[in-house]
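Participant: This is the structure I want to talk about, given as structure tokens.
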Amino acid sequence: YMTNGDEWKVEAVMSSGVLSKLIMILDMNHQLNINVLPAVRIFGNCVKETESQTQAVIDVGIISYLGNLLESRSKTIRKEACWLASNIAAGTGKQAYELLREGETFKQVVRLATDDVYIVRKEAIWTLTNMCTSEKRKGHIRLLLEAGGLEPLVMFLAMENAEPSALGAALDAIWHVLRAFPECVHMIDEYGGIEYIESLQENPNDDVYLKALRIIEEFLGVEEQEDENLAPALNDGGMFDFGIASPKQLFADSPQQHSLSFGFDSTNSMN
């Protein structure tokens, strides 16, 4: 309960040296089947405040334990582990890269963002969105794409009753992906994303609507009108019809291969 407060309470707990003892609990879990949920929650609380506190948690080695936590049979532990990962991803560029360096662990996050119960999937989505939208992160986005992280972001847009904040975050992440790599519109189309984004223009939440509209206007193309002052026609649903061109029309000369190989160099590409 002490870590579930402001940064000063968290600092007081961390100054006691408890983090190294909590890591020992995670170590013993393999042999003794200990309930590790309180320990995971404390680590999660410690990475949600300041960058220095997040770094202290990384320094005791928590990222190397995330893989096992993400594979837990307990959906609550998987959720807490994803929440912990999302806060690391929201840290500095270097801290987020520490998570990306654990390739298999990050791919586990991608898998949970693709297929799990909603409470787990949502926290995994937040990890992916934070990886894209904090600071200037073209290098991070590159690695996220190579790990398959774009598909769950797109598929999340189609989830019924998803929270507007999570939908908005997913749209923000997709906008950052397209800004860094416009050619990814092919992949978004392949995943059904253009239809999902268009449908979100009808979302009652203004933030979701505006973020969907931004992607459409900036990346998906608008057919030119014969008269530039002519307002777009209304469709059957009463929404403006922006005449979205398909990716095949927009990139007619592009190759059909959808896989991306970026040749990422961690020494000079990370912003």
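In the structure tokens, each chain is lettered A, B, ... as it comes, each chain's residues begin at 1, and ligands are numbered from 1 in order of appearance.
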Give me the residues within 8 Å of Asn130 of chain A as a short mmCIF file (atom, residue, chain, number, x, y, z; two decimals) with C-alpha atoms, in the first residue's frame, counting only C-alpha atoms and dropping any in the same chain fewer than 2 places off.

Facilitator:
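out-v2.cif, written as the output of this step:
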data_model
loop_
_atom_site.label_atom_id
_atom_site.label_comp_id
_atom_site.auth_asym_id
_atom_site.auth_seq_id
_atom_site.Cartn_x
_atom_site.Cartn_y
_atom_site.Cartn_z
CA SER A 86 3.98 -0.31 -20.19
CA ASN A 87 5.49 2.01 -17.60
CA ALA A 89 8.06 1.68 -22.23
CA ALA A 90 6.85 5.14 -21.17
CA TRP A 126 -0.57 0.35 -23.62
CA THR A 127 2.96 -1.09 -23.73
CA LEU A 128 2.95 -0.94 -27.54
CA CYS A 132 5.64 4.50 -30.17
CA THR A 133 4.54 7.78 -28.68
CA SER A 134 7.07 8.77 -26.02
CA ALA A 173 0.53 4.92 -32.02
#

Participant: Just want the 7 Å neighbourhood of segment 93-108 of chain A, counted on only C-alpha atoms, with same-chain residues fewer than 2 positions away dropped. Output as a PDB file with N, CA, C and O atoms, in the first residue's frame.

Facilitator:
ATOM      1  N   ILE A  63      13.479  -6.804 -15.855  1.00  0.00           N
ATOM      2  CA  ILE A  63      13.087  -7.133 -17.228  1.00  0.00           C
ATOM      3  C   ILE A  63      13.357  -8.607 -17.545  1.00  0.00           C
ATOM      4  O   ILE A  63      12.590  -9.245 -18.272  1.00  0.00           O
ATOM      5  N   LEU A  66      10.355 -10.680 -16.604  1.00  0.00           N
ATOM      6  CA  LEU A  66       9.044 -10.399 -17.196  1.00  0.00           C
ATOM      7  C   LEU A  66       8.522 -11.560 -18.043  1.00  0.00           C
ATOM      8  O   LEU A  66       7.329 -11.825 -18.077  1.00  0.00           O
ATOM      9  N   GLY A  67       9.428 -12.247 -18.726  1.00  0.00           N
ATOM     10  CA  GLY A  67       9.004 -13.342 -19.592  1.00  0.00           C
ATOM     11  C   GLY A  67       8.171 -14.379 -18.859  1.00  0.00           C
ATOM     12  O   GLY A  67       7.084 -14.761 -19.309  1.00  0.00           O
ATOM     13  N   LEU A  70       4.775 -12.957 -17.769  1.00  0.00           N
ATOM     14  CA  LEU A  70       3.831 -12.819 -18.884  1.00  0.00           C
ATOM     15  C   LEU A  70       3.241 -14.159 -19.309  1.00  0.00           C
ATOM     16  O   LEU A  70       2.195 -14.198 -19.963  1.00  0.00           O
ATOM     17  N   ILE A  88       7.622   0.978 -18.142  1.00  0.00           N
ATOM     18  CA  ILE A  88       9.009   1.003 -18.611  1.00  0.00           C
ATOM     19  C   ILE A  88       9.055   1.580 -20.023  1.00  0.00           C
ATOM     20  O   ILE A  88       9.916   2.405 -20.355  1.00  0.00           O
ATOM     21  N   ALA A  89       8.108   1.176 -20.858  1.00  0.00           N
ATOM     22  CA  ALA A  89       8.056   1.684 -22.232  1.00  0.00           C
ATOM     23  C   ALA A  89       7.800   3.187 -22.277  1.00  0.00           C
ATOM     24  O   ALA A  89       8.193   3.866 -23.229  1.00  0.00           O
ATOM     25  N   ALA A  90       7.144   3.707 -21.236  1.00  0.00           N
ATOM     26  CA  ALA A  90       6.848   5.145 -21.171  1.00  0.00           C
ATOM     27  C   ALA A  90       7.999   5.946 -20.582  1.00  0.00           C
ATOM     28  O   ALA A  90       7.901   7.173 -20.478  1.00  0.00           O
ATOM     29  N   GLY A  91       9.075   5.279 -20.220  1.00  0.00           N
ATOM     30  CA  GLY A  91      10.217   5.967 -19.633  1.00  0.00           C
ATOM     31  C   GLY A  91      11.079   6.639 -20.683  1.00  0.00           C
ATOM     32  O   GLY A  91      10.606   7.055 -21.743  1.00  0.00           O
ATOM     33  N   VAL A 110       3.540  -8.629 -27.379  1.00  0.00           N
ATOM     34  CA  VAL A 110       2.796  -8.538 -28.644  1.00  0.00           C
ATOM     35  C   VAL A 110       1.734  -9.626 -28.725  1.00  0.00           C
ATOM     36  O   VAL A 110       0.590  -9.378 -29.128  1.00  0.00           O
ATOM     37  N   ARG A 111       2.087 -10.841 -28.300  1.00  0.00           N
ATOM     38  CA  ARG A 111       1.114 -11.947 -28.346  1.00  0.00           C
ATOM     39  C   ARG A 111      -0.055 -11.688 -27.400  1.00  0.00           C
ATOM     40  O   ARG A 111      -1.212 -11.961 -27.747  1.00  0.00           O
ATOM     41  N   LEU A 112       0.223 -11.165 -26.219  1.00  0.00           N
ATOM     42  CA  LEU A 112      -0.860 -10.871 -25.274  1.00  0.00           C
ATOM     43  C   LEU A 112      -1.729  -9.728 -25.775  1.00  0.00           C
ATOM     44  O   LEU A 112      -2.942  -9.704 -25.532  1.00  0.00           O
ATOM     45  N   MET A 131       5.514   2.646 -26.416  1.00  0.00           N
ATOM     46  CA  MET A 131       6.761   2.449 -27.150  1.00  0.00           C
ATOM     47  C   MET A 131       6.832   3.359 -28.376  1.00  0.00           C
ATOM     48  O   MET A 131       7.909   3.783 -28.796  1.00  0.00           O
ATOM     49  N   HIS A 140      12.707   2.797 -32.145  1.00  0.00           N
ATOM     50  CA  HIS A 140      11.859   1.919 -31.352  1.00  0.00           C
ATOM     51  C   HIS A 140      10.707   1.372 -32.203  1.00  0.00           C
ATOM     52  O   HIS A 140      10.352   0.187 -32.117  1.00  0.00           O
ATOM     53  N   ALA A 147       8.811  -6.945 -34.573  1.00  0.00           N
ATOM     54  CA  ALA A 147       8.266  -7.908 -33.608  1.00  0.00           C
ATOM     55  C   ALA A 147       6.789  -8.215 -33.867  1.00  0.00           C
ATOM     56  O   ALA A 147       6.194  -9.003 -33.135  1.00  0.00           O
ATOM     57  N   ASN A 271      16.731   7.247 -31.063  1.00  0.00           N
ATOM     58  CA  ASN A 271      16.593   8.652 -30.668  1.00  0.00           C
ATOM     59  C   ASN A 271      16.200   8.751 -29.217  1.00  0.00           C
ATOM     60  O   ASN A 271      15.528   7.909 -28.712  1.00  0.00           O
TER      61      ASN A 271
END

Participant: Quick one: pull the distance between atom CA of Phe181 of chain A and atom CA of Glu146 of chain A, Å, one decimal.

Facilitator: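 Answer for the atom CA of Phe181 of chain A to atom CA of Glu146 of chain A separation: 12.5 Å.
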
Participant: Looking at only C-alpha atoms, which of A:Leu26, A:Ile188, A:Ala81, A:Leu69 is the one that sits closest to Val47 of chain A?

Facilitator: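 That would be A:Ala81, the residue with the smallest distance to Val47 of chain A.
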
Participant: One number please: atom CA of Gly168 of chain A to atom CA of Arg121 of chain A, in Å, one decimal.

Facilitator: 15.2 Å

Participant: Tell me, in Å to one decimal, how far atom CA of Ile34 of chain A is from atom CA of Met14 of chain A.

Facilitator: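 If I compute the distance from atom CA of Ile34 of chain A to atom CA of Met14 of chain A, I get 21.8 Å.
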
Participant: Would you mind telling me which residue in A:Ile215, A:Leu22, A:Leu153, A:Ala158 lies nearest to Arg179 of chain A when using only C-alpha atoms?

Facilitator: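 Smallest separation from Arg179 of chain A among the options: A:Ile215.
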
Participant: Mind checking which residues fall within 12 Å of Leu178 of chain A, counting only C-alpha atoms, ignoring those fewer than 3 positions away in the same chain, and posting them as a JSON list (two decimals) with C-alpha atoms, in the first residue's frame?

Facilitator:
[["chain", "number", "residue", "atom", "x", "y", "z"],
["A", 132, "CYS", "CA", 5.64, 4.50, -30.17],
["A", 133, "THR", "CA", 4.54, 7.78, -28.68],
["A", 138, "LYS", "CA", 11.68, 5.95, -35.01],
["A", 141, "ILE", "CA", 9.02, 1.82, -33.88],
["A", 142, "ARG", "CA", 11.28, -0.07, -36.26],
["A", 145, "LEU", "CA", 7.25, -3.49, -36.41],
["A", 150, "LEU", "CA", 1.45, -3.22, -35.63],
["A", 171, "LEU", "CA", -4.74, 5.61, -32.90],
["A", 172, "ASP", "CA", -1.89, 7.83, -31.68],
["A", 173, "ALA", "CA", 0.53, 4.92, -32.02],
["A", 174, "ILE", "CA", -0.66, 4.14, -35.55],
["A", 175, "TRP", "CA", -0.26, 7.82, -36.47],
["A", 181, "PHE", "CA", 7.11, 4.67, -42.08],
["A", 182, "PRO", "CA", 4.31, 5.74, -44.47],
["A", 183, "GLU", "CA", 4.67, 2.50, -46.41],
["A", 184, "CYS", "CA", 3.06, 0.70, -43.47],
["A", 185, "VAL", "CA", -0.31, 1.74, -44.87],
["A", 186, "HIS", "CA", -0.09, -1.53, -46.86],
["A", 187, "MET", "CA", 0.06, -3.56, -43.66],
["A", 188, "ILE", "CA", -2.73, -1.57, -42.04],
["A", 214, "ARG", "CA", -6.25, 12.90, -38.56],
["A", 215, "ILE", "CA", -4.96, 9.56, -39.84],
["A", 216, "ILE", "CA", -7.43, 9.59, -42.73],
["A", 218, "GLU", "CA", -2.81, 12.81, -43.42],
["A", 219, "PHE", "CA", -2.07, 9.28, -44.60],
["A", 220, "LEU", "CA", -4.96, 7.58, -46.33]]

Participant: Considering only C-alpha atoms, can you say which of A:Met159, A:Ala124, A:Ala180, A:Ala212 comes closest to Arg78 of chain A?

Facilitator: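 Using only C-alpha atoms, the shortest distance to Arg78 of chain A belongs to A:Ala124.
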
Participant: Based on DSSP run over this structure's backbone, return all residues of segment 24-237 of chain A in alpha helix (DSSP H), as a compact mmCIF listing (two decimals) with C-alpha atoms, in the first residue's frame.

Facilitator:
# COMPACT_ATOMS: atom_id res chain seq x y z
CA MET A 24 14.71 -13.04 -4.62
CA ILE A 25 11.00 -13.82 -4.25
CA LEU A 26 10.66 -13.96 -8.05
CA ASP A 27 13.68 -16.27 -8.11
CA MET A 28 12.23 -18.63 -5.52
CA ASN A 29 8.87 -18.79 -7.29
CA HIS A 30 10.24 -21.40 -9.71
CA GLN A 31 10.92 -23.82 -6.84
CA LEU A 32 8.35 -22.94 -4.18
CA LEU A 37 1.46 -10.89 -7.21
CA PRO A 38 2.32 -8.46 -4.34
CA ALA A 39 5.93 -8.30 -5.51
CA VAL A 40 4.93 -7.65 -9.14
CA ARG A 41 2.53 -4.92 -8.04
CA ILE A 42 5.24 -3.20 -5.97
CA PHE A 43 7.59 -3.23 -8.95
CA GLY A 44 4.79 -1.80 -11.08
CA ASN A 45 4.15 0.99 -8.60
CA CYS A 46 7.85 1.82 -8.50
CA GLU A 51 12.64 8.08 -14.45
CA SER A 52 15.23 7.49 -11.72
CA GLN A 53 12.90 5.13 -9.87
CA THR A 54 12.16 3.29 -13.11
CA GLN A 55 15.89 2.95 -13.71
CA ALA A 56 16.43 1.54 -10.22
CA VAL A 57 13.85 -1.19 -10.96
CA ILE A 58 15.53 -1.96 -14.29
CA ASP A 59 18.92 -2.11 -12.59
CA ILE A 63 13.09 -7.13 -17.23
CA SER A 64 14.73 -10.57 -17.24
CA TYR A 65 11.84 -11.86 -15.08
CA LEU A 66 9.04 -10.40 -17.20
CA GLY A 67 9.00 -13.34 -19.59
CA ASN A 68 7.93 -15.83 -16.92
CA LEU A 69 5.41 -13.39 -15.47
CA LEU A 70 3.83 -12.82 -18.88
CA LYS A 75 -4.57 -13.37 -15.74
CA THR A 76 -4.03 -10.92 -12.88
CA ILE A 77 -0.27 -11.50 -12.89
CA ARG A 78 -0.18 -11.22 -16.70
CA LYS A 79 -2.08 -7.93 -16.42
CA GLU A 80 0.25 -6.56 -13.74
CA ALA A 81 3.31 -7.64 -15.73
CA CYS A 82 1.99 -5.84 -18.83
CA TRP A 83 1.28 -2.75 -16.73
CA LEU A 84 4.85 -2.86 -15.43
CA ALA A 85 6.15 -3.21 -19.00
CA SER A 86 3.98 -0.31 -20.19
CA ASN A 87 5.49 2.01 -17.60
CA ILE A 88 9.01 1.00 -18.61
CA ALA A 89 8.06 1.68 -22.23
CA GLY A 93 14.27 6.13 -24.82
CA LYS A 94 17.10 4.12 -23.25
CA GLN A 95 14.76 2.50 -20.72
CA ALA A 96 12.28 1.53 -23.41
CA TYR A 97 15.11 0.08 -25.46
CA GLU A 98 16.07 -2.16 -22.53
CA LEU A 99 12.64 -3.76 -22.89
CA LEU A 100 12.99 -4.08 -26.67
CA ARG A 101 16.38 -5.74 -26.26
CA GLY A 103 13.31 -9.75 -27.92
CA GLU A 104 11.34 -12.79 -26.82
CA THR A 105 9.86 -10.95 -23.86
CA PHE A 106 8.67 -8.11 -26.08
CA LYS A 107 7.19 -10.63 -28.52
CA GLN A 108 5.25 -12.08 -25.58
CA VAL A 109 3.79 -8.64 -24.98
CA VAL A 110 2.80 -8.54 -28.64
CA ARG A 111 1.11 -11.95 -28.35
CA LEU A 112 -0.86 -10.87 -25.27
CA ALA A 113 -1.90 -7.68 -27.07
CA THR A 114 -3.21 -9.88 -29.87
CA TYR A 118 -9.50 -7.81 -22.30
CA ILE A 119 -7.86 -6.63 -19.07
CA VAL A 120 -4.55 -8.22 -20.12
CA ARG A 121 -4.82 -7.24 -23.74
CA LYS A 122 -5.49 -3.59 -22.88
CA GLU A 123 -2.38 -3.31 -20.71
CA ALA A 124 -0.29 -4.98 -23.42
CA ILE A 125 -1.66 -2.46 -25.92
CA TRP A 126 -0.57 0.35 -23.62
CA THR A 127 2.96 -1.09 -23.73
CA LEU A 128 2.95 -0.94 -27.54
CA THR A 129 1.47 2.55 -27.65
CA ASN A 130 3.94 3.93 -25.12
CA MET A 131 6.76 2.45 -27.15
CA CYS A 132 5.64 4.50 -30.17
CA THR A 133 4.54 7.78 -28.68
CA LYS A 138 11.68 5.95 -35.01
CA GLY A 139 14.23 3.32 -33.97
CA HIS A 140 11.86 1.92 -31.35
CA ILE A 141 9.02 1.82 -33.88
CA ARG A 142 11.28 -0.07 -36.26
CA LEU A 143 11.83 -2.81 -33.70
CA LEU A 144 8.15 -2.87 -32.76
CA LEU A 145 7.25 -3.49 -36.41
CA GLU A 146 9.81 -6.26 -36.70
CA LEU A 150 1.45 -3.22 -35.63
CA GLU A 151 -1.20 -5.91 -36.11
CA PRO A 152 -2.50 -5.94 -32.49
CA LEU A 153 -2.63 -2.13 -32.50
CA VAL A 154 -4.81 -2.22 -35.61
CA MET A 155 -6.98 -5.11 -34.42
CA PHE A 156 -7.64 -3.35 -31.11
CA PRO A 164 -11.91 5.58 -25.43
CA SER A 165 -8.56 6.33 -23.77
CA ALA A 166 -7.11 3.03 -25.01
CA LEU A 167 -8.61 3.50 -28.49
CA GLY A 168 -7.16 6.99 -28.65
CA ALA A 169 -3.75 5.71 -27.58
CA ALA A 170 -3.82 3.00 -30.28
CA LEU A 171 -4.74 5.61 -32.90
CA ASP A 172 -1.89 7.83 -31.68
CA ALA A 173 0.53 4.92 -32.02
CA ILE A 174 -0.66 4.14 -35.55
CA TRP A 175 -0.26 7.82 -36.47
CA HIS A 176 3.33 7.76 -35.19
CA VAL A 177 4.02 4.54 -37.12
CA LEU A 178 2.72 6.07 -40.35
CA ARG A 179 4.64 9.28 -39.77
CA ALA A 180 7.86 7.27 -39.38
CA VAL A 185 -0.31 1.74 -44.87
CA HIS A 186 -0.09 -1.53 -46.86
CA MET A 187 0.06 -3.56 -43.66
CA ILE A 188 -2.73 -1.57 -42.04
CA ASP A 189 -4.93 -2.29 -45.06
CA GLU A 190 -4.02 -5.98 -44.89
CA GLY A 193 -7.33 -1.21 -40.41
CA ILE A 194 -8.59 1.27 -42.99
CA GLU A 195 -12.15 0.10 -42.43
CA TYR A 196 -11.69 0.22 -38.65
CA ILE A 197 -10.27 3.75 -38.77
CA GLU A 198 -13.05 4.97 -41.03
CA SER A 199 -15.68 3.47 -38.71
CA ASP A 206 -14.56 13.41 -29.74
CA ASP A 207 -10.92 12.51 -29.09
CA VAL A 208 -11.26 9.13 -30.85
CA TYR A 209 -13.12 10.74 -33.76
CA LEU A 210 -10.50 13.47 -34.24
CA LYS A 211 -7.57 11.06 -34.06
CA ALA A 212 -9.18 8.75 -36.62
CA LEU A 213 -9.86 11.74 -38.87
CA ARG A 214 -6.25 12.90 -38.56
CA ILE A 215 -4.96 9.56 -39.84

Participant: With only C-alpha atoms as the atoms that count, which of A:Val60, A:Pro204, A:Gly17, A:Thr92 lies nearest to Lys136 of chain A?

Facilitator: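 Under the stated criterion, the closest residue is A:Thr92.
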